[in-house]
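Student: Input structure: work.pdb, which contains PDB, C-alpha atoms.
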```pdb
MODEL        1
ATOM      1  CA  MET I   1      -4.853 -19.717  19.680
ATOM      2  CA  TYR I   2      -2.427 -18.852  22.458
ATOM      3  CA  GLU I   3      -2.799 -15.137  21.727
ATOM      4  CA  PHE I   4      -6.557 -15.396  22.040
ATOM      5  CA  ALA I   5      -6.301 -17.269  25.354
ATOM      6  CA  THR I   6      -3.924 -14.607  26.683
ATOM      7  CA  LEU I   7      -6.241 -11.765  25.686
ATOM      8  CA  ALA I   8      -9.178 -13.485  27.363
ATOM      9  CA  SER I   9      -7.380 -13.848  30.680
ATOM     10  CA  PRO I  10      -8.094 -11.253  33.402
ATOM     11  CA  TYR I  11      -4.385 -10.319  33.618
ATOM     12  CA  SER I  12      -4.452  -8.953  30.120
ATOM     13  CA  MET I  13      -7.586  -6.853  30.537
ATOM     14  CA  PRO I  14      -5.779  -3.503  30.967
ATOM     15  CA  ALA I  15      -3.927  -4.110  27.729
ATOM     16  CA  ALA I  16      -7.165  -5.006  26.000
ATOM     17  CA  LEU I  17      -8.789  -1.804  27.283
ATOM     18  CA  HIS I  18      -6.338   0.326  25.330
ATOM     19  CA  GLY I  19      -8.549  -0.227  22.340
ATOM     20  CA  ASP I  20      -8.364  -1.569  18.833
ATOM     21  CA  VAL I  21      -5.339   0.430  17.763
ATOM     22  CA  ASP I  22      -3.136  -1.124  20.442
ATOM     23  CA  GLN I  23      -4.379  -4.589  19.598
ATOM     24  CA  THR I  24      -3.653  -3.934  15.940
ATOM     25  CA  ASP I  25      -0.183  -2.674  16.856
ATOM     26  CA  SER I  26       0.619  -5.735  18.945
ATOM     27  CA  SER I  27      -0.734  -7.992  16.224
ATOM     28  CA  ALA I  28       1.447  -6.212  13.646
ATOM     29  CA  GLN I  29       4.461  -6.524  15.929
ATOM     30  CA  SER I  30       3.945 -10.239  16.501
ATOM     31  CA  ARG I  31       3.486 -10.718  12.753
ATOM     32  CA  SER I  32       6.691  -8.810  12.082
ATOM     33  CA  ARG I  33       8.489 -10.928  14.677
ATOM     34  CA  ALA I  34       7.151 -14.118  13.086
ATOM     35  CA  LEU I  35       8.277 -12.957   9.649
ATOM     36  CA  ASN I  36      11.715 -12.117  11.025
ATOM     37  CA  GLN I  37      12.014 -15.578  12.555
ATOM     38  CA  PHE I  38      10.872 -17.221   9.361
ATOM     39  CA  LEU I  39      13.321 -15.298   7.173
ATOM     40  CA  ALA I  40      16.151 -15.956   9.628
ATOM     41  CA  SER I  41      15.353 -19.672   9.518
ATOM     42  CA  VAL I  42      15.510 -19.904   5.715
ATOM     43  CA  GLU I  43      18.060 -17.298   4.634
ATOM     44  CA  LEU I  44      21.217 -19.421   4.885
ATOM     45  CA  LYS I  45      19.727 -22.492   3.224
ATOM     46  CA  ALA I  46      18.104 -20.309   0.579
ATOM     47  CA  PHE I  47      21.493 -18.760  -0.109
ATOM     48  CA  LYS I  48      23.076 -22.211  -0.571
ATOM     49  CA  ILE I  49      20.273 -23.262  -2.910
ATOM     50  CA  ALA I  50      20.596 -20.053  -4.935
ATOM     51  CA  GLN I  51      24.366 -20.440  -5.009
ATOM     52  CA  ALA I  52      24.073 -24.006  -6.301
ATOM     53  CA  ALA I  53      21.798 -22.798  -9.094
ATOM     54  CA  LEU I  54      23.615 -19.596 -10.030
ATOM     55  CA  ARG I  55      27.188 -20.577  -9.088
ATOM     56  CA  HIS I  56      27.884 -16.990  -8.151
ATOM     57  CA  GLU I  57      27.910 -15.670  -4.607
ATOM     58  CA  ASP I  58      26.763 -12.084  -5.262
ATOM     59  CA  ASP I  59      24.023 -13.176  -7.647
ATOM     60  CA  ALA I  60      22.841 -15.688  -5.039
ATOM     61  CA  LEU I  61      22.746 -12.955  -2.404
ATOM     62  CA  ASP I  62      20.790 -10.670  -4.734
ATOM     63  CA  ALA I  63      18.300 -13.431  -5.500
ATOM     64  CA  VAL I  64      17.700 -14.177  -1.810
ATOM     65  CA  GLN I  65      17.393 -10.477  -1.008
ATOM     66  CA  ASP I  66      14.832  -9.952  -3.780
ATOM     67  CA  ALA I  67      12.847 -12.994  -2.643
ATOM     68  CA  MET I  68      12.796 -11.701   0.946
ATOM     69  CA  LEU I  69      11.621  -8.265  -0.167
ATOM     70  CA  GLN I  70       8.902  -9.615  -2.394
ATOM     71  CA  LEU I  71       7.622 -11.989   0.272
ATOM     72  CA  ALA I  72       7.559  -9.202   2.860
ATOM     73  CA  ARG I  73       5.863  -6.719   0.541
ATOM     74  CA  ALA I  74       3.300  -8.963  -1.091
ATOM     75  CA  TYR I  75       2.677 -11.933   1.179
ATOM     76  CA  ALA I  76       3.432 -10.856   4.763
ATOM     77  CA  GLU I  77      -0.277 -10.915   5.594
ATOM     78  CA  ARG I  78      -0.719 -14.475   4.340
ATOM     79  CA  PRO I  79      -0.814 -17.347   6.885
ATOM     80  CA  ALA I  80       2.678 -18.195   8.147
ATOM     81  CA  GLU I  81       2.356 -21.818   6.965
ATOM     82  CA  GLU I  82       2.267 -20.551   3.373
ATOM     83  CA  TRP I  83       5.444 -18.509   3.657
ATOM     84  CA  LYS I  84       7.961 -21.275   3.008
ATOM     85  CA  PRO I  85       6.557 -22.576  -0.301
ATOM     86  CA  LEU I  86       5.825 -18.996  -1.392
ATOM     87  CA  PHE I  87       9.331 -17.843  -0.523
ATOM     88  CA  TYR I  88      10.994 -20.668  -2.444
ATOM     89  CA  ARG I  89       8.641 -20.133  -5.369
ATOM     90  CA  ILE I  90       9.652 -16.476  -5.532
ATOM     91  CA  LEU I  91      13.320 -17.417  -5.172
ATOM     92  CA  GLU I  92      13.036 -19.947  -7.975
ATOM     93  CA  ASN I  93      11.441 -17.363 -10.280
ATOM     94  CA  ARG I  94      14.206 -14.915  -9.424
ATOM     95  CA  ILE I  95      16.895 -17.514 -10.128
ATOM     96  CA  ARG I  96      15.282 -18.320 -13.468
ATOM     97  CA  ASP I  97      15.164 -14.617 -14.386
ATOM     98  CA  MET I  98      18.836 -14.230 -13.527
ATOM     99  CA  GLN I  99      19.800 -17.303 -15.525
ATOM    100  CA  ARG I 100      17.840 -16.034 -18.522
ATOM    101  CA  ARG I 101      19.436 -12.589 -18.255
ATOM    102  CA  ARG I 102      22.841 -14.180 -17.970
ATOM    103  CA  THR I 103      22.242 -16.208 -21.129
ATOM    104  CA  VAL I 104      21.245 -13.075 -23.043
ATOM    105  CA  ARG I 105      24.241 -11.166 -21.669
ATOM    106  CA  GLY I 106      26.515 -14.029 -22.680
ATOM    107  CA  ARG I 107      25.169 -13.901 -26.234
ATOM    108  CA  VAL I 108      25.657 -10.142 -26.432
ATOM    109  CA  ILE I 109      29.189 -10.308 -25.026
ATOM    110  CA  ALA I 110      30.060 -13.058 -27.504
ATOM    111  CA  TRP I 111      29.334 -10.539 -30.301
ATOM    112  CA  LEU I 112      31.495  -7.783 -28.853
ATOM    113  CA  PRO I 113      34.887  -7.395 -30.641
ATOM    114  CA  PHE I 114      36.914  -6.391 -27.555
ATOM    115  CA  ARG I 115      36.056  -8.335 -24.498
ATOM    116  CA  GLY I 116      38.846  -8.194 -21.982
ATOM    117  CA  GLU I 117      38.994 -10.199 -18.820
ATOM    118  CA  GLU I 118      39.775  -7.195 -16.634
ATOM    119  CA  ASP I 119      36.185  -7.172 -15.332
ATOM    120  CA  GLU I 120      36.560 -10.522 -13.667
ATOM    121  CA  ASP I 121      36.929 -10.403  -9.932
ATOM    122  CA  GLU I 122      40.386 -10.979  -8.609
ATOM    123  CA  PRO I 123      40.463 -13.820  -6.109
ATOM    124  CA  ASP I 124      40.835 -12.616  -2.551
ATOM    125  CA  PRO I 125      44.411 -13.624  -1.499
ATOM    126  CA  ILE I 126      43.396 -13.887   2.155
ATOM    127  CA  SER I 127      40.534 -16.260   1.490
ATOM    128  CA  GLN I 128      42.750 -18.241  -0.889
ATOM    129  CA  ALA I 129      45.514 -18.668   1.676
ATOM    130  CA  PRO I 130      45.601 -22.020   3.438
ATOM    131  CA  SER I 131      44.462 -21.934   7.032
ATOM    132  CA  PRO I 132      47.395 -22.160   9.478
ATOM    133  CA  GLU I 133      45.368 -24.395  11.790
ATOM    134  CA  PRO I 134      45.865 -28.123  11.283
ATOM    135  CA  GLN I 135      42.710 -29.620   9.745
ATOM    136  CA  PRO I 136      41.193 -32.478  11.690
ATOM    137  CA  VAL I 137      40.640 -35.647   9.704
ATOM    138  CA  LYS I 138      36.886 -35.365  10.008
ATOM    139  CA  ARG I 139      36.913 -31.835   8.634
ATOM    140  CA  LEU I 140      38.983 -32.994   5.686
ATOM    141  CA  GLU I 141      36.570 -35.787   4.965
ATOM    142  CA  LEU I 142      33.676 -33.376   5.133
ATOM    143  CA  ASP I 143      35.526 -30.955   2.868
ATOM    144  CA  GLU I 144      36.035 -33.693   0.320
ATOM    145  CA  ALA I 145      32.435 -34.832   0.580
ATOM    146  CA  MET I 146      31.191 -31.253   0.236
ATOM    147  CA  GLY I 147      33.307 -30.661  -2.843
ATOM    148  CA  ALA I 148      32.196 -33.918  -4.433
ATOM    149  CA  LEU I 149      28.528 -33.309  -3.654
ATOM    150  CA  GLU I 150      28.713 -29.748  -4.952
ATOM    151  CA  GLN I 151      30.214 -30.921  -8.222
ATOM    152  CA  ALA I 152      27.671 -33.683  -8.627
ATOM    153  CA  LEU I 153      24.826 -31.286  -7.820
ATOM    154  CA  ASN I 154      26.078 -28.828 -10.427
ATOM    155  CA  ALA I 155      25.915 -31.583 -13.033
ATOM    156  CA  LEU I 156      22.266 -32.356 -12.258
ATOM    157  CA  PRO I 157      19.420 -30.937 -14.367
ATOM    158  CA  ARG I 158      18.010 -27.830 -12.684
ATOM    159  CA  ARG I 159      14.684 -29.340 -11.617
ATOM    160  CA  GLN I 160      16.364 -32.408 -10.099
ATOM    161  CA  GLN I 161      18.821 -30.205  -8.247
ATOM    162  CA  GLN I 162      15.995 -28.054  -6.963
ATOM    163  CA  ALA I 163      13.871 -30.994  -5.791
ATOM    164  CA  PHE I 164      16.864 -32.595  -4.075
ATOM    165  CA  LEU I 165      17.924 -29.407  -2.231
ATOM    166  CA  LEU I 166      14.433 -28.379  -1.176
ATOM    167  CA  ARG I 167      13.724 -31.816   0.237
ATOM    168  CA  THR I 168      17.103 -32.781   1.650
ATOM    169  CA  LEU I 169      18.491 -29.442   2.817
ATOM    170  CA  GLU I 170      15.306 -27.512   3.550
ATOM    171  CA  GLY I 171      13.397 -30.582   4.764
ATOM    172  CA  MET I 172      10.255 -29.729   2.828
ATOM    173  CA  ASP I 173       7.685 -32.455   2.222
ATOM    174  CA  VAL I 174       6.441 -33.433  -1.239
ATOM    175  CA  ALA I 175       3.423 -31.113  -1.153
ATOM    176  CA  GLU I 176       5.457 -28.081  -0.051
ATOM    177  CA  THR I 177       8.147 -28.850  -2.625
ATOM    178  CA  ALA I 178       5.499 -29.133  -5.351
ATOM    179  CA  ALA I 179       4.054 -25.746  -4.321
ATOM    180  CA  ALA I 180       7.515 -24.185  -4.329
ATOM    181  CA  MET I 181       8.446 -25.690  -7.695
ATOM    182  CA  GLY I 182       5.075 -25.018  -9.296
ATOM    183  CA  CYS I 183       4.555 -28.606 -10.416
ATOM    184  CA  SER I 184       2.654 -31.724  -9.363
ATOM    185  CA  GLN I 185       3.646 -33.913  -6.427
ATOM    186  CA  GLY I 186       4.250 -36.751  -8.894
ATOM    187  CA  SER I 187       6.800 -34.615 -10.746
ATOM    188  CA  VAL I 188       8.558 -33.789  -7.472
ATOM    189  CA  LYS I 189       8.843 -37.495  -6.618
ATOM    190  CA  THR I 190      10.229 -38.245 -10.063
ATOM    191  CA  HIS I 191      12.765 -35.393  -9.990
ATOM    192  CA  TYR I 192      13.858 -36.305  -6.483
ATOM    193  CA  PHE I 193      14.181 -40.012  -7.215
ATOM    194  CA  ARG I 194      16.260 -39.364 -10.339
ATOM    195  CA  ALA I 195      18.470 -36.905  -8.457
ATOM    196  CA  VAL I 196      19.173 -39.421  -5.674
ATOM    197  CA  GLN I 197      19.859 -42.182  -8.196
ATOM    198  CA  SER I 198      22.253 -40.024 -10.145
ATOM    199  CA  LEU I 199      24.100 -38.684  -7.082
ATOM    200  CA  ARG I 200      24.435 -42.088  -5.489
ATOM    201  CA  ALA I 201      25.755 -43.543  -8.735
ATOM    202  CA  GLN I 202      28.510 -40.893  -8.708
ATOM    203  CA  LEU I 203      29.260 -40.591  -5.020
ATOM    204  CA  GLY I 204      28.433 -43.942  -3.437
ATOM    205  CA  GLU I 205      27.365 -43.355   0.152
ATOM    206  CA  LEU I 206      29.230 -40.029   0.039
ATOM    207  CA  TYR I 207      30.485 -39.860   3.562
ATOM    208  CA  GLU I 208      30.829 -42.059   6.630
ATOM    209  CA  PRO I 209      30.028 -39.934   9.682
ATOM    210  CA  GLY I 210      31.361 -42.512  12.163
ATOM    211  CA  ALA I 211      34.655 -43.103  10.367
TER     212      ALA I 211
ATOM    213  CA  MET E   1      12.263 -33.169   9.889
ATOM    214  CA  SER E   2      12.816 -35.795   7.267
ATOM    215  CA  PRO E   3      11.394 -35.038   3.842
ATOM    216  CA  ALA E   4       7.742 -36.068   3.894
ATOM    217  CA  HIS E   5       8.498 -37.783   7.227
ATOM    218  CA  GLU E   6       9.735 -40.856   5.392
ATOM    219  CA  PRO E   7      12.704 -42.884   6.599
ATOM    220  CA  LEU E   8      15.886 -41.610   4.974
ATOM    221  CA  THR E   9      18.393 -43.831   3.252
ATOM    222  CA  THR E  10      22.026 -43.711   4.366
ATOM    223  CA  PHE E  11      22.900 -41.640   1.331
ATOM    224  CA  GLU E  12      20.160 -39.086   2.029
ATOM    225  CA  ARG E  13      21.208 -38.837   5.674
ATOM    226  CA  ASN E  14      24.839 -38.328   4.725
ATOM    227  CA  ALA E  15      23.932 -35.828   2.026
ATOM    228  CA  ARG E  16      21.967 -33.833   4.565
ATOM    229  CA  ILE E  17      24.904 -33.826   7.011
ATOM    230  CA  VAL E  18      27.230 -32.590   4.280
ATOM    231  CA  LEU E  19      24.788 -29.928   3.052
ATOM    232  CA  GLU E  20      24.133 -28.655   6.578
ATOM    233  CA  GLU E  21      27.857 -28.455   7.172
ATOM    234  CA  GLY E  22      28.066 -26.298   4.055
ATOM    235  CA  VAL E  23      25.420 -23.990   5.552
ATOM    236  CA  ARG E  24      27.306 -23.825   8.861
ATOM    237  CA  ARG E  25      30.449 -22.736   7.044
ATOM    238  CA  ILE E  26      28.884 -19.730   5.366
ATOM    239  CA  ASP E  27      31.238 -16.849   6.098
ATOM    240  CA  ALA E  28      30.510 -13.862   8.323
ATOM    241  CA  ARG E  29      30.372 -11.391   5.432
ATOM    242  CA  THR E  30      27.616 -13.340   3.694
ATOM    243  CA  ARG E  31      25.722 -13.808   6.964
ATOM    244  CA  SER E  32      25.926 -10.086   7.590
ATOM    245  CA  ARG E  33      24.618  -9.263   4.126
ATOM    246  CA  LEU E  34      21.744 -11.710   4.529
ATOM    247  CA  ASN E  35      20.955 -10.158   7.883
ATOM    248  CA  GLN E  36      20.849  -6.694   6.302
ATOM    249  CA  ALA E  37      18.628  -7.991   3.507
ATOM    250  CA  ARG E  38      16.229  -9.471   6.065
ATOM    251  CA  HIS E  39      15.946  -6.211   7.956
ATOM    252  CA  ALA E  40      15.369  -4.282   4.736
ATOM    253  CA  ALA E  41      12.560  -6.706   3.870
ATOM    254  CA  LEU E  42      10.989  -6.332   7.310
ATOM    255  CA  GLU E  43      11.149  -2.554   7.025
ATOM    256  CA  ALA E  44       9.446  -2.723   3.639
ATOM    257  CA  ALA E  45       6.671  -4.857   5.129
ATOM    258  CA  GLN E  46       6.294  -2.452   8.058
ATOM    259  CA  HIS E  47       6.173   0.567   5.763
ATOM    260  CA  ARG E  48       3.511  -1.054   3.608
ATOM    261  CA  ARG E  49       1.422  -1.949   6.660
ATOM    262  CA  THR E  50       1.625   1.586   8.072
ATOM    263  CA  ARG E  51       0.624   3.136   4.777
ATOM    264  CA  TRP E  52      -2.327   0.754   4.475
ATOM    265  CA  ARG E  53      -3.491   1.558   8.004
ATOM    266  CA  SER E  54      -3.342   5.286   7.375
ATOM    267  CA  PHE E  55      -5.871   4.744   4.579
ATOM    268  CA  THR E  56      -8.132   2.263   6.313
ATOM    269  CA  LEU E  57      -8.158   3.944   9.712
ATOM    270  CA  MET E  58      -8.959   7.437   8.501
ATOM    271  CA  PRO E  59     -11.208   8.794  11.269
ATOM    272  CA  ALA E  60     -14.863   8.902  10.379
ATOM    273  CA  ALA E  61     -15.157  12.123  12.377
ATOM    274  CA  GLY E  62     -12.982  13.843   9.803
ATOM    275  CA  VAL E  63     -15.301  12.808   7.006
ATOM    276  CA  ALA E  64     -18.326  13.926   9.043
ATOM    277  CA  ALA E  65     -16.674  17.280   9.790
ATOM    278  CA  VAL E  66     -16.141  17.900   6.087
ATOM    279  CA  ALA E  67     -19.797  17.044   5.408
ATOM    280  CA  VAL E  68     -20.985  19.446   8.131
ATOM    281  CA  LEU E  69     -18.719  22.201   6.830
ATOM    282  CA  VAL E  70     -20.163  21.846   3.330
ATOM    283  CA  ALA E  71     -23.731  21.869   4.687
ATOM    284  CA  VAL E  72     -23.117  24.999   6.793
ATOM    285  CA  THR E  73     -21.524  26.829   3.884
ATOM    286  CA  LEU E  74     -24.494  26.074   1.651
ATOM    287  CA  TRP E  75     -26.973  27.102   4.341
ATOM    288  CA  GLN E  76     -25.245  30.443   4.940
ATOM    289  CA  ARG E  77     -25.427  31.273   1.282
ATOM    290  CA  ASN E  78     -29.185  30.682   1.216
ATOM    291  CA  PRO E  79     -30.892  30.543   4.645
ATOM    292  CA  GLY E  80     -34.412  30.569   3.103
ATOM    293  CA  GLY E  81     -33.741  27.410   1.220
ATOM    294  CA  GLU E  82     -34.316  28.915  -2.224
ATOM    295  CA  LEU E  83     -31.996  31.148  -4.206
ATOM    296  CA  PRO E  84     -33.512  34.684  -4.576
ATOM    297  CA  LEU E  85     -34.196  36.004  -8.029
ATOM    298  CA  LEU E  86     -33.072  39.519  -8.886
ATOM    299  CA  GLU E  87     -35.591  41.937 -10.395
ATOM    300  CA  GLY E  88     -33.930  41.863 -13.769
ATOM    301  CA  GLN E  89     -33.930  38.080 -13.778
ATOM    302  CA  ARG E  90     -37.675  37.959 -13.009
ATOM    303  CA  SER E  91     -38.586  40.304 -15.922
ATOM    304  CA  ALA E  92     -36.318  38.366 -18.261
ATOM    305  CA  MET E  93     -38.138  35.150 -17.359
ATOM    306  CA  GLU E  94     -41.491  36.845 -18.063
ATOM    307  CA  ASP E  95     -40.258  38.071 -21.452
ATOM    308  CA  ILE E  96     -39.205  34.533 -22.357
ATOM    309  CA  ASP E  97     -42.642  33.275 -21.339
ATOM    310  CA  LEU E  98     -44.326  35.859 -23.514
ATOM    311  CA  LEU E  99     -42.113  35.174 -26.500
ATOM    312  CA  SER E 100     -42.578  31.437 -26.224
ATOM    313  CA  ASP E 101     -46.339  31.892 -26.276
ATOM    314  CA  SER E 102     -47.457  31.564 -29.908
ATOM    315  CA  GLU E 103     -50.638  33.612 -29.298
ATOM    316  CA  GLY E 104     -48.596  36.550 -28.031
ATOM    317  CA  LEU E 105     -46.382  36.404 -31.130
ATOM    318  CA  ASP E 106     -49.426  36.608 -33.394
ATOM    319  CA  LEU E 107     -50.594  39.707 -31.515
ATOM    320  CA  VAL E 108     -47.197  41.356 -31.983
ATOM    321  CA  GLN E 109     -47.228  40.561 -35.691
ATOM    322  CA  ASN E 110     -50.690  42.118 -36.038
ATOM    323  CA  GLY E 111     -49.430  45.278 -34.388
ATOM    324  CA  ASP E 112     -52.106  45.196 -31.685
ATOM    325  CA  GLY E 113     -50.364  47.151 -28.918
ATOM    326  CA  SER E 114     -53.575  47.671 -26.957
ATOM    327  CA  PHE E 115     -53.489  44.080 -25.765
ATOM    328  CA  TYR E 116     -50.174  44.662 -23.991
ATOM    329  CA  GLU E 117     -51.499  47.774 -22.329
ATOM    330  CA  TRP E 118     -54.504  45.800 -21.134
ATOM    331  CA  ALA E 119     -52.311  42.912 -19.950
ATOM    332  CA  ALA E 120     -49.977  45.281 -18.071
ATOM    333  CA  ALA E 121     -52.956  46.921 -16.392
ATOM    334  CA  GLN E 122     -54.296  43.510 -15.373
ATOM    335  CA  THR E 123     -50.930  42.514 -13.895
ATOM    336  CA  ASP E 124     -50.635  45.764 -11.936
ATOM    337  CA  ASN E 125     -54.155  45.296 -10.566
ATOM    338  CA  GLY E 126     -53.425  41.691  -9.578
ATOM    339  CA  GLU E 127     -50.254  42.649  -7.696
ATOM    340  CA  SER E 128     -51.922  45.561  -5.868
ATOM    341  CA  GLU E 129     -54.824  43.314  -4.813
ATOM    342  CA  GLY E 130     -52.519  40.536  -3.698
TER     343      GLY E 130
ENDMDL
END
```
In structure tokens, what does this structure look like?
Tutor:
Amino acid sequence: MYEFATLASPYSMPAALHGDVDQTDSSAQSRSRALNQFLASVELKAFKIAQAALRHEDDALDAVQDAMLQLARAYAERPAEEWKPLFYRILENRIRDMQRRRTVRGRVIAWLPFRGEEDEDEPDPISQAPSPEPQPVKRLELDEAMGALEQALNALPRRQQQAFLLRTLEGMDVAETAAAMGCSQGSVKTHYFRAVQSLRAQLGELYEPGA
Amino acid sequence: MSPAHEPLTTFERNARIVLEEGVRRIDARTRSRLNQARHAALEAAQHRRTRWRSFTLMPAAGVAAVAVLVAVTLWQRNPGGELPLLEGQRSAMEDIDLLSDSEGLDLVQNGDGSFYEWAAAQTDNGESEG
């Protein structure tokens, strides 16, 4: 709407006189900018959601990268309001594919006679080293709460975990969450309710921000 | 931005604070990789759009020019509008006409060569008159 009003104003007439190609170019640029903003707004949360599901940092990064690529290639021309549910739907499919592949790989590896552990990544000694800075009490409390929540989330069934993270972390409403999960709104409410019940039973109120 | 714009319980509020803190603490390496992934995705979208435009915005003048070129080439080959027949081709066509005529075949079988002489004389007269 704003774009149309700007084009109609007399100040923008010279730009409009450049012809259709320039208008198409500017429209493509604004679309590209909008897509960039959208992806920037979801990438970190999407990574956390993928990490919670896959429990592996590199796999989570791959899943988010694939979801971004697929959204940009196949759905960039769709209305921007549809991007979020579409993006999370793609991400969820990617996560499911990776989990399935991992299960198959696990079965194959279980049959191999010589399976050493040399392939496992060595922990980075720098990241493992304790920080020299003294931790404030609040940060410690948050650390504890984060660890506890992460553990409890890992124990949740996948669909409950997904509904909880999409709604609580990503702030999606029931309809968007249902579109992203590929299920009914009733199912989303059920999964979310069960997730909250289960987490609260384990964690209490989790964290007291004012304390 | 509460989920479904419903009031959050204390637990949900706290859970959100903790989860958002987890997002804030994502390390620089991961952020950088996500940033690279985003730019790769945007490039892919741009590439796809450019390719699509090159197909859809093919200038109509180009198509028209090809059509004109074809028309001119055809016209130069045959300015009269009809392909000329060579002399040999014309006589071959006449032979086929004669052979396909059942009456003419009967005359050949009967060995009546005088008919052909008469017919040839008639044709020569017709052409000289015309």
Student: Which one is closest to chain I: E:Gln76, E:Gln122, E:Asn35, E:Ser114? Count all atoms listed in the file.
Tutor: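 Using all atoms listed in the file, chain I sits closest to E:Asn35.
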Student: To one decimal place in Å, what is the distance between atom CA of Asp62 of chain I and atom CA of Ala37 of chain E?
Tutor: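 Interatomic distance, atom CA of Asp62 of chain I to atom CA of Ala37 of chain E: 8.9 Å.
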Student: Decode the PyMOL selection byres ((chain E) within 8 of (chain I)) for the given file into explicit residues and return them as a ChimeraX atom specification.
Tutor: /E:1-5,10-12,14-16,18-23,26,30-31,33-35,37-42,44-46,48
Student: Hey, can you pull every residue with an atom no more than 9 Å from (13.0, -36.0, -6.6), using only C-alpha atoms, and send it as a list in words?
Tutor: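 Those within range, by chain then number, are Arg159, Gln160, Gln161, Gln162, Ala163, Phe164, Arg167, Val174, Ser187, Val188, Lys189, Thr190, His191, Tyr192, Phe193, Arg194, Ala195 and Val196 of chain I.
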Student: Between atom CA of Ala52 of chain I and atom CA of Leu153 of chain I, what is the distance in Å, rounded to a tenth?
Tutor: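 Spanning atom CA of Ala52 of chain I to atom CA of Leu153 of chain I is a straight-line distance of 7.5 Å.
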Student: Can you translate the PyMOL selection byres ((chain I and resi 53) around 8) into the concrete residues it hits in this file, as a list of chain:residue names?
Tutor: I:Ile49, I:Ala50, I:Gln51, I:Ala52, I:Leu54, I:Arg55, I:Ile95, I:Asn154, I:Arg158
Student: To one decimal in Å, tell me the separation between atom CA of Cys183 of chain I and atom CA of Pro85 of chain I.
Tutor: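 It comes out at 11.9 Å.
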Student: May I have the residues within 9 Å of Lys84 of chain I as a PDB file with C-alpha atoms, in the coordinates of the input, using all atoms listed in the file and disregarding those fewer than 2 positions away in the same chain?
Tutor:
```pdb
ATOM      1  CA  PHE I  38      10.872 -17.221   9.361  1.00  0.00           C
ATOM      2  CA  VAL I  42      15.510 -19.904   5.715  1.00  0.00           C
ATOM      3  CA  ALA I  80       2.678 -18.195   8.147  1.00  0.00           C
ATOM      4  CA  GLU I  81       2.356 -21.818   6.965  1.00  0.00           C
ATOM      5  CA  GLU I  82       2.267 -20.551   3.373  1.00  0.00           C
ATOM      6  CA  LEU I  86       5.825 -18.996  -1.392  1.00  0.00           C
ATOM      7  CA  PHE I  87       9.331 -17.843  -0.523  1.00  0.00           C
ATOM      8  CA  TYR I  88      10.994 -20.668  -2.444  1.00  0.00           C
ATOM      9  CA  ARG I  89       8.641 -20.133  -5.369  1.00  0.00           C
ATOM     10  CA  MET I 172      10.255 -29.729   2.828  1.00  0.00           C
ATOM     11  CA  GLU I 176       5.457 -28.081  -0.051  1.00  0.00           C
ATOM     12  CA  ALA I 180       7.515 -24.185  -4.329  1.00  0.00           C
TER      13      ALA I 180
END
```
Student: Please rebuild segment 91-102 of chain I with N, CA and C atoms and return the result as a tab-separated table (two decimals), keeping the file's coordinate frame.
Tutor:
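So result.tsv came out as:
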```
chain	number	residue	atom	x	y	z
I	91	LEU	N	11.87	-17.27	-4.97
I	91	LEU	CA	13.32	-17.42	-5.17
I	91	LEU	C	13.60	-18.14	-6.49
I	92	GLU	N	12.83	-19.19	-6.75
I	92	GLU	CA	13.04	-19.95	-7.98
I	92	GLU	C	12.78	-19.08	-9.20
I	93	ASN	N	11.73	-18.27	-9.16
I	93	ASN	CA	11.44	-17.36	-10.28
I	93	ASN	C	12.58	-16.37	-10.48
I	94	ARG	N	13.10	-15.89	-9.37
I	94	ARG	CA	14.21	-14.92	-9.42
I	94	ARG	C	15.45	-15.56	-10.03
I	95	ILE	N	15.73	-16.79	-9.60
I	95	ILE	CA	16.90	-17.51	-10.13
I	95	ILE	C	16.74	-17.71	-11.63
I	96	ARG	N	15.53	-18.09	-12.04
I	96	ARG	CA	15.28	-18.32	-13.47
I	96	ARG	C	15.47	-17.02	-14.27
I	97	ASP	N	14.98	-15.92	-13.72
I	97	ASP	CA	15.16	-14.62	-14.39
I	97	ASP	C	16.65	-14.31	-14.56
I	98	MET	N	17.40	-14.55	-13.48
I	98	MET	CA	18.84	-14.23	-13.53
I	98	MET	C	19.55	-15.12	-14.54
I	99	GLN	N	19.16	-16.39	-14.57
I	99	GLN	CA	19.80	-17.30	-15.52
I	99	GLN	C	19.49	-16.88	-16.95
I	100	ARG	N	18.24	-16.48	-17.18
I	100	ARG	CA	17.84	-16.03	-18.52
I	100	ARG	C	18.63	-14.78	-18.93
I	101	ARG	N	18.72	-13.84	-17.98
I	101	ARG	CA	19.44	-12.59	-18.26
I	101	ARG	C	20.91	-12.88	-18.55
I	102	ARG	N	21.43	-13.84	-17.80
I	102	ARG	CA	22.84	-14.18	-17.97
I	102	ARG	C	23.07	-14.79	-19.36
```
